[in-house]
Each structure stands twice: as C-alpha cells, then as structure tokens.
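Engineer: Sharing a structure here in structure tokens format.
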Amino acid sequence: MTSDRLAHGKGSEVHGIFQKIAGYYDRMNFVMTLGRHARWCREVAERVAPPAGGQLLDIATGTGVIALAAAQRYPSVTVTGVDFSEEMLTRAMTKSGADAVRWRHADAARLPFEDESFDGVTEGYLLRNVEDLAGVLREQHRVLKPGGRIVILETCPPSGPVKPVVEWGMRIVVPLLGQIVARDRSSYTYLESSTLAFDSPQHVANVLGGLGFHSIGWSKKFFGTNVILWATKSS
C-alpha cells in the first residue's frame, strides 16, 4: 500500500486483517447474520435510489455485495466499487455480474474523485474501522452531488435489555465462529471488539447532520447489532 494513512496505526492493522479474511469474508458474514447479510445489502442498494443514468459509488466494497446488488437493480447506473484491500477486490471481480461494476483500489480517507461526482454513495462496515469518522464522512459529502443520498450499513453497539446477552454472545460466539469457520480467531476478536466499541447510530447521525446532510434516519437489524443509516446531501 502507498497510502500514508495505511503506513502505520489502525489503518495498517485493519488493512492486514481484511487482506487475510478476504477468502472467507462472505461465508462468515452469512454465518454471523444467519443469512441476513445479503438481504441488508440489497436494502442498502434499494434505499440509495440513484437516478437513471447516474453515478453510484460503493465505498469499502469488500467482496462487492452492495455494488453488485446495485448494478443488478439499476442497470443504467454506472456503479464504482472501491476498497483499500487488494484481496477483497480480487474476490469481488471474480463474482457473477462483476463486469457491470467499475472496481478501483482506493482509500476512503482520500477518494480519488472530483467534487460532486456521484449521485449516490453506499458503504458497508467502513466507519468502525477508520481513525477519523467525521473526516471519512466529510470526504463522502465532498464527492456526492447536492440532493444525492448516502446509505450506510454498519455494526451497532447493543443497547437496552438485550445488551448483556448480545455482548456476551459477541465476545464468545463471534471469535469462536472465526475459529471454526475460518480458523482465524484473532481477526474476528478484533471485529467483535470494534463492534462493541463503535459509536451509536445517533452519534453517526449527529456527525452527518453537522456535515450538511438532512432527512437522516436509520433502521436497526438483528437484535440491534447492525444498522442501516441514510441521509441526503443538502441542495
């Protein structure tokens, strides 16, 4: 990697983890969500609703589940999927329908696109893995056209009466699944801890509002452990 952000600190650690787990990323997402992950990705694609003939950017595209769902749903839209993990992009480009997406290696903190280039922006499980959440969202605001929509799929720290049970499950079950399914407990121990330590949907919404987004909302999924957020850039 040539990005300064990935040369040290959290960026380098996260890059190494996603390079390592690329081969079993889809399988683990299926197991951990009991098959719901693909459905959530389709919902993200549905909610972003770019105009016919428009441009859509999927950031942290990973193995391309959201980007491919968007390309299938909006055949007249140009979909660009970017990720900082070369291994993830390699997996994405081998999937059925991959020719309909423009794949590009890029860092979410420094997107290689002009201001107001895209009619919609989507992302999956990016924000909990960055050092500067506001900076990354500001970069997405920069490349999004006025009136364009951002839709985010993210993990969510549990709350309410189920919080102790969910926290116990995530601390014990997620690393155990990593060991059983992927033979990689350490990577999924990090992913579990980053979920529990991540900001609430309300905090993310507050950041979006401060950047100039409006019509902000969210929907929690799977016992509150995942969330889809959406917002529109002010005209």
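Please note that chains go A, B, ... in the order of the structure tokens, that every chain numbers its residues from 1, and that ligands are numbered from 1 in the order shown.
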Leaving out Arg47 (chain A) and any residue of its chain fewer than 4 positions from it, which residues lie within 8 Å of it when counting only C-alpha atoms, given as a list in words?

Structural biologist: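 What passes the distance filter is Glu43, Val151 and Trp230 of chain A.
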
Engineer: Give me the residues near region 219-225 of chain A as a compact mmCIF listing (two decimals) with N, CA and C atoms, in the first residue's frame, where near means some atom within 7 Å (using only C-alpha atoms) and where sequence neighbours in that chain fewer than 2 positions away do not count.

Structural biologist:
```txt
# COMPACT_ATOMS: atom_id res chain seq x y z
N THR A 155 -22.14 -2.02 11.78
CA THR A 155 -22.44 -2.69 13.03
C THR A 155 -22.89 -1.66 14.05
N CYS A 156 -23.52 -2.14 15.10
CA CYS A 156 -24.14 -1.24 16.07
C CYS A 156 -23.93 -1.80 17.48
N PRO A 157 -23.42 -0.98 18.40
CA PRO A 157 -23.28 -1.48 19.78
C PRO A 157 -24.65 -1.76 20.37
N PRO A 158 -24.83 -2.90 21.04
CA PRO A 158 -26.14 -3.25 21.57
C PRO A 158 -26.56 -2.31 22.69
N VAL A 227 -27.02 -1.92 11.67
CA VAL A 227 -27.90 -0.80 11.41
C VAL A 227 -27.69 -0.31 9.97
N ILE A 228 -28.76 0.13 9.35
CA ILE A 228 -28.68 0.83 8.06
C ILE A 228 -29.08 2.27 8.32
N LEU A 229 -28.17 3.20 7.99
CA LEU A 229 -28.44 4.63 8.11
C LEU A 229 -28.53 5.26 6.74
```

Engineer: For Thr94 (chain A), which residue among A:Gly23, A:His214, A:Gly148, A:His141 is the nearest when counting only C-alpha atoms?

Structural biologist: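 Closest to Thr94 (chain A), using only C-alpha atoms: A:Gly23.
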
Engineer: Just asking: which residues within region 53-163 of chain A are alpha helix (DSSP H) according to DSSP, as number ranges by chain?

Structural biologist: A: 65-73, 86-92, 133-143, 163

Engineer: Write out as number ranges by chain the residues lying within 10 Å of Leu144 (chain A), counting only C-alpha atoms and excluding same-chain residues fewer than 2 positions away.

Structural biologist: A: 55-57, 113-121, 138-142, 146-150, 232-233

Engineer: Expressed in Å to a single decimal, how great is the separation between CA of His37 (chain A) and CA of Ile152 (chain A)?

Structural biologist: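 The value is 13.2 Å.
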
Engineer: Using Å and a single decimal, report how far CA of Leu126 (chain A) sits from CA of Ile59 (chain A).

Structural biologist: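 Distance reported for this atom pair: 7.8 Å.
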
Engineer: Could you work out how far CA of Ser96 (chain A) lies from CA of Pro75 (chain A), giving the answer in Å with one decimal?

Structural biologist: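 Going from CA of Pro75 (chain A) over to CA of Ser96 (chain A), I get 14.5 Å.
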
Engineer: Going by DSSP on the backbone, which bits of region 29-198 of chain A are strand (DSSP E)? Write them as a PyMOL selection string, please.

Structural biologist: chain A and resi 55-59+78-83+101-105+118-124+144-155

Engineer: Which residues of region 41-65 of chain A sit at most 10 Å from region 81-90 of chain A, using only C-alpha atoms? Give each one's shortest atom pair and distance in Å (one decimal place), in chain and ascending residue order, as a Markdown table.

Structural biologist:
```
| residue | atom | partner | partner_atom | distance |
| --- | --- | --- | --- | --- |
| A:Leu56 | CA | A:Gly81 | CA | 8.5 |
| A:Leu57 | CA | A:Gly81 | CA | 6.1 |
| A:Asp58 | CA | A:Gly81 | CA | 4.7 |
| A:Ile59 | CA | A:Val82 | CA | 5.2 |
| A:Ala60 | CA | A:Asp83 | CA | 4.6 |
| A:Thr61 | CA | A:Gly81 | CA | 5.4 |
| A:Gly62 | CA | A:Met88 | CA | 5.0 |
| A:Thr63 | CA | A:Met88 | CA | 5.2 |
| A:Gly64 | CA | A:Gly81 | CA | 7.0 |
| A:Val65 | CA | A:Gly81 | CA | 9.8 |
```

Engineer: What does the file look like for those residues with C-alpha atoms, as a JSON list (two decimals), in the first residue's frame?

Structural biologist:
```json
[["chain", "number", "residue", "atom", "x", "y", "z"],
["A", 56, "LEU", "CA", -23.08, 5.44, -7.77],
["A", 57, "LEU", "CA", -20.04, 4.95, -5.53],
["A", 58, "ASP", "CA", -19.79, 1.95, -3.18],
["A", 59, "ILE", "CA", -17.00, 2.54, -0.64],
["A", 60, "ALA", "CA", -15.35, -0.29, 1.33],
["A", 61, "THR", "CA", -16.96, -2.51, -1.27],
["A", 62, "GLY", "CA", -15.17, -5.58, 0.09],
["A", 63, "THR", "CA", -16.27, -8.58, -1.94],
["A", 64, "GLY", "CA", -18.73, -6.35, -3.80],
["A", 65, "VAL", "CA", -22.06, -7.49, -2.36]]
```

Engineer: Can you tell me which residues surround Val207 (chain A) at a distance of at most 12 Å, considering only C-alpha atoms, apart from same-chain residues fewer than 3 positions away, and format the answer as a PDB file with C-alpha atoms, in the first residue's frame?

Structural biologist:
```
ATOM      1  CA  LEU A 127     -16.835   3.558   9.737  1.00  0.00           C
ATOM      2  CA  ASP A 132     -11.353   9.776  11.669  1.00  0.00           C
ATOM      3  CA  LEU A 133     -15.066   9.059  11.260  1.00  0.00           C
ATOM      4  CA  ALA A 134     -16.003  12.682  10.596  1.00  0.00           C
ATOM      5  CA  GLY A 135     -13.183  13.064   8.078  1.00  0.00           C
ATOM      6  CA  VAL A 136     -14.257   9.991   6.119  1.00  0.00           C
ATOM      7  CA  LEU A 137     -17.890  11.132   6.047  1.00  0.00           C
ATOM      8  CA  ARG A 138     -16.748  14.614   5.024  1.00  0.00           C
ATOM      9  CA  HIS A 141     -20.037  14.512   1.338  1.00  0.00           C
ATOM     10  CA  ASP A 199     -20.449   4.804  18.083  1.00  0.00           C
ATOM     11  CA  SER A 200     -24.236   4.720  18.319  1.00  0.00           C
ATOM     12  CA  PRO A 201     -26.430   5.440  15.270  1.00  0.00           C
ATOM     13  CA  GLN A 202     -27.418   8.710  16.956  1.00  0.00           C
ATOM     14  CA  HIS A 203     -23.783   9.817  17.088  1.00  0.00           C
ATOM     15  CA  VAL A 204     -23.249   8.977  13.406  1.00  0.00           C
ATOM     16  CA  GLY A 210     -23.122  18.612  11.116  1.00  0.00           C
ATOM     17  CA  LEU A 211     -21.681  17.980   7.654  1.00  0.00           C
ATOM     18  CA  GLY A 212     -24.774  19.254   5.861  1.00  0.00           C
ATOM     19  CA  PHE A 213     -26.917  16.146   5.432  1.00  0.00           C
ATOM     20  CA  HIS A 214     -30.645  16.130   6.121  1.00  0.00           C
ATOM     21  CA  ILE A 216     -31.379  11.364   8.318  1.00  0.00           C
ATOM     22  CA  ALA A 231     -29.169  10.756   4.682  1.00  0.00           C
TER      23      ALA A 231
END
```

Engineer: Give the answer as one residue: which of A:Asn226, A:Pro175, A:Gly16, A:Val101 has the shortest atom-to-atom distance to Ser159 (chain A), using only C-alpha atoms?

Structural biologist: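 Of the candidates, the smallest distance to Ser159 (chain A) is held by A:Asn226.
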
Engineer: Just checking: using only C-alpha atoms, which residue out of A:Asn129, A:Ser215, A:Ala205, A:Lys145 ends up closest to Glu13 (chain A)?

Structural biologist: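 Smallest separation from Glu13 (chain A) among the options: A:Asn129.
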
Engineer: Set the distance at 10 Å and use only C-alpha atoms: which residues neighbour Arg102 (chain A) once local chain neighbours fewer than 2 positions away are removed? I'd like the list as a VMD selection string.

Structural biologist: chain A and resid 57 67 78 to 82 93 98 to 100 104

Engineer: Quick one: write out the picked residues with N, CA, C and O atoms as a tab-separated table (two decimals), in the first residue's frame?

Structural biologist:
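For reference, out24.tsv as written:
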```
chain	number	residue	atom	x	y	z
A	57	LEU	N	-21.32	5.36	-6.12
A	57	LEU	CA	-20.04	4.95	-5.53
A	57	LEU	C	-20.30	4.07	-4.32
A	57	LEU	O	-21.00	4.47	-3.39
A	67	ALA	N	-22.27	-3.37	-4.17
A	67	ALA	CA	-22.06	-2.88	-5.54
A	67	ALA	C	-22.75	-3.75	-6.57
A	67	ALA	O	-23.40	-3.25	-7.50
A	78	THR	N	-24.00	3.78	-13.59
A	78	THR	CA	-22.60	3.38	-13.53
A	78	THR	C	-22.20	3.20	-12.07
A	78	THR	O	-22.22	4.16	-11.29
A	79	VAL	N	-21.88	1.98	-11.68
A	79	VAL	CA	-21.53	1.66	-10.29
A	79	VAL	C	-20.02	1.50	-10.20
A	79	VAL	O	-19.42	0.72	-10.94
A	80	THR	N	-19.42	2.22	-9.27
A	80	THR	CA	-17.99	2.12	-8.99
A	80	THR	C	-17.80	1.57	-7.58
A	80	THR	O	-18.34	2.14	-6.62
A	81	GLY	N	-17.06	0.48	-7.45
A	81	GLY	CA	-16.78	-0.11	-6.16
A	81	GLY	C	-15.32	0.08	-5.79
A	81	GLY	O	-14.44	-0.30	-6.57
A	82	VAL	N	-15.05	0.66	-4.63
A	82	VAL	CA	-13.67	0.90	-4.21
A	82	VAL	C	-13.39	0.24	-2.87
A	82	VAL	O	-14.28	0.13	-2.02
A	93	MET	N	-14.08	-9.17	-8.06
A	93	MET	CA	-14.01	-9.18	-9.53
A	93	MET	C	-14.20	-10.56	-10.13
A	93	MET	O	-14.35	-10.68	-11.35
A	98	ALA	N	-19.74	-9.20	-12.18
A	98	ALA	CA	-18.69	-8.24	-11.81
A	98	ALA	C	-18.33	-7.28	-12.93
A	98	ALA	O	-17.86	-6.16	-12.67
A	99	ASP	N	-18.54	-7.69	-14.18
A	99	ASP	CA	-18.21	-6.82	-15.32
A	99	ASP	C	-19.09	-5.57	-15.36
A	99	ASP	O	-18.73	-4.59	-16.04
A	100	ALA	N	-20.19	-5.57	-14.63
A	100	ALA	CA	-21.09	-4.42	-14.62
A	100	ALA	C	-20.62	-3.33	-13.66
A	100	ALA	O	-21.23	-2.26	-13.61
A	104	ARG	N	-12.08	-0.32	-8.24
A	104	ARG	CA	-10.91	0.54	-8.11
A	104	ARG	C	-10.34	0.47	-6.71
A	104	ARG	O	-11.08	0.45	-5.72
```
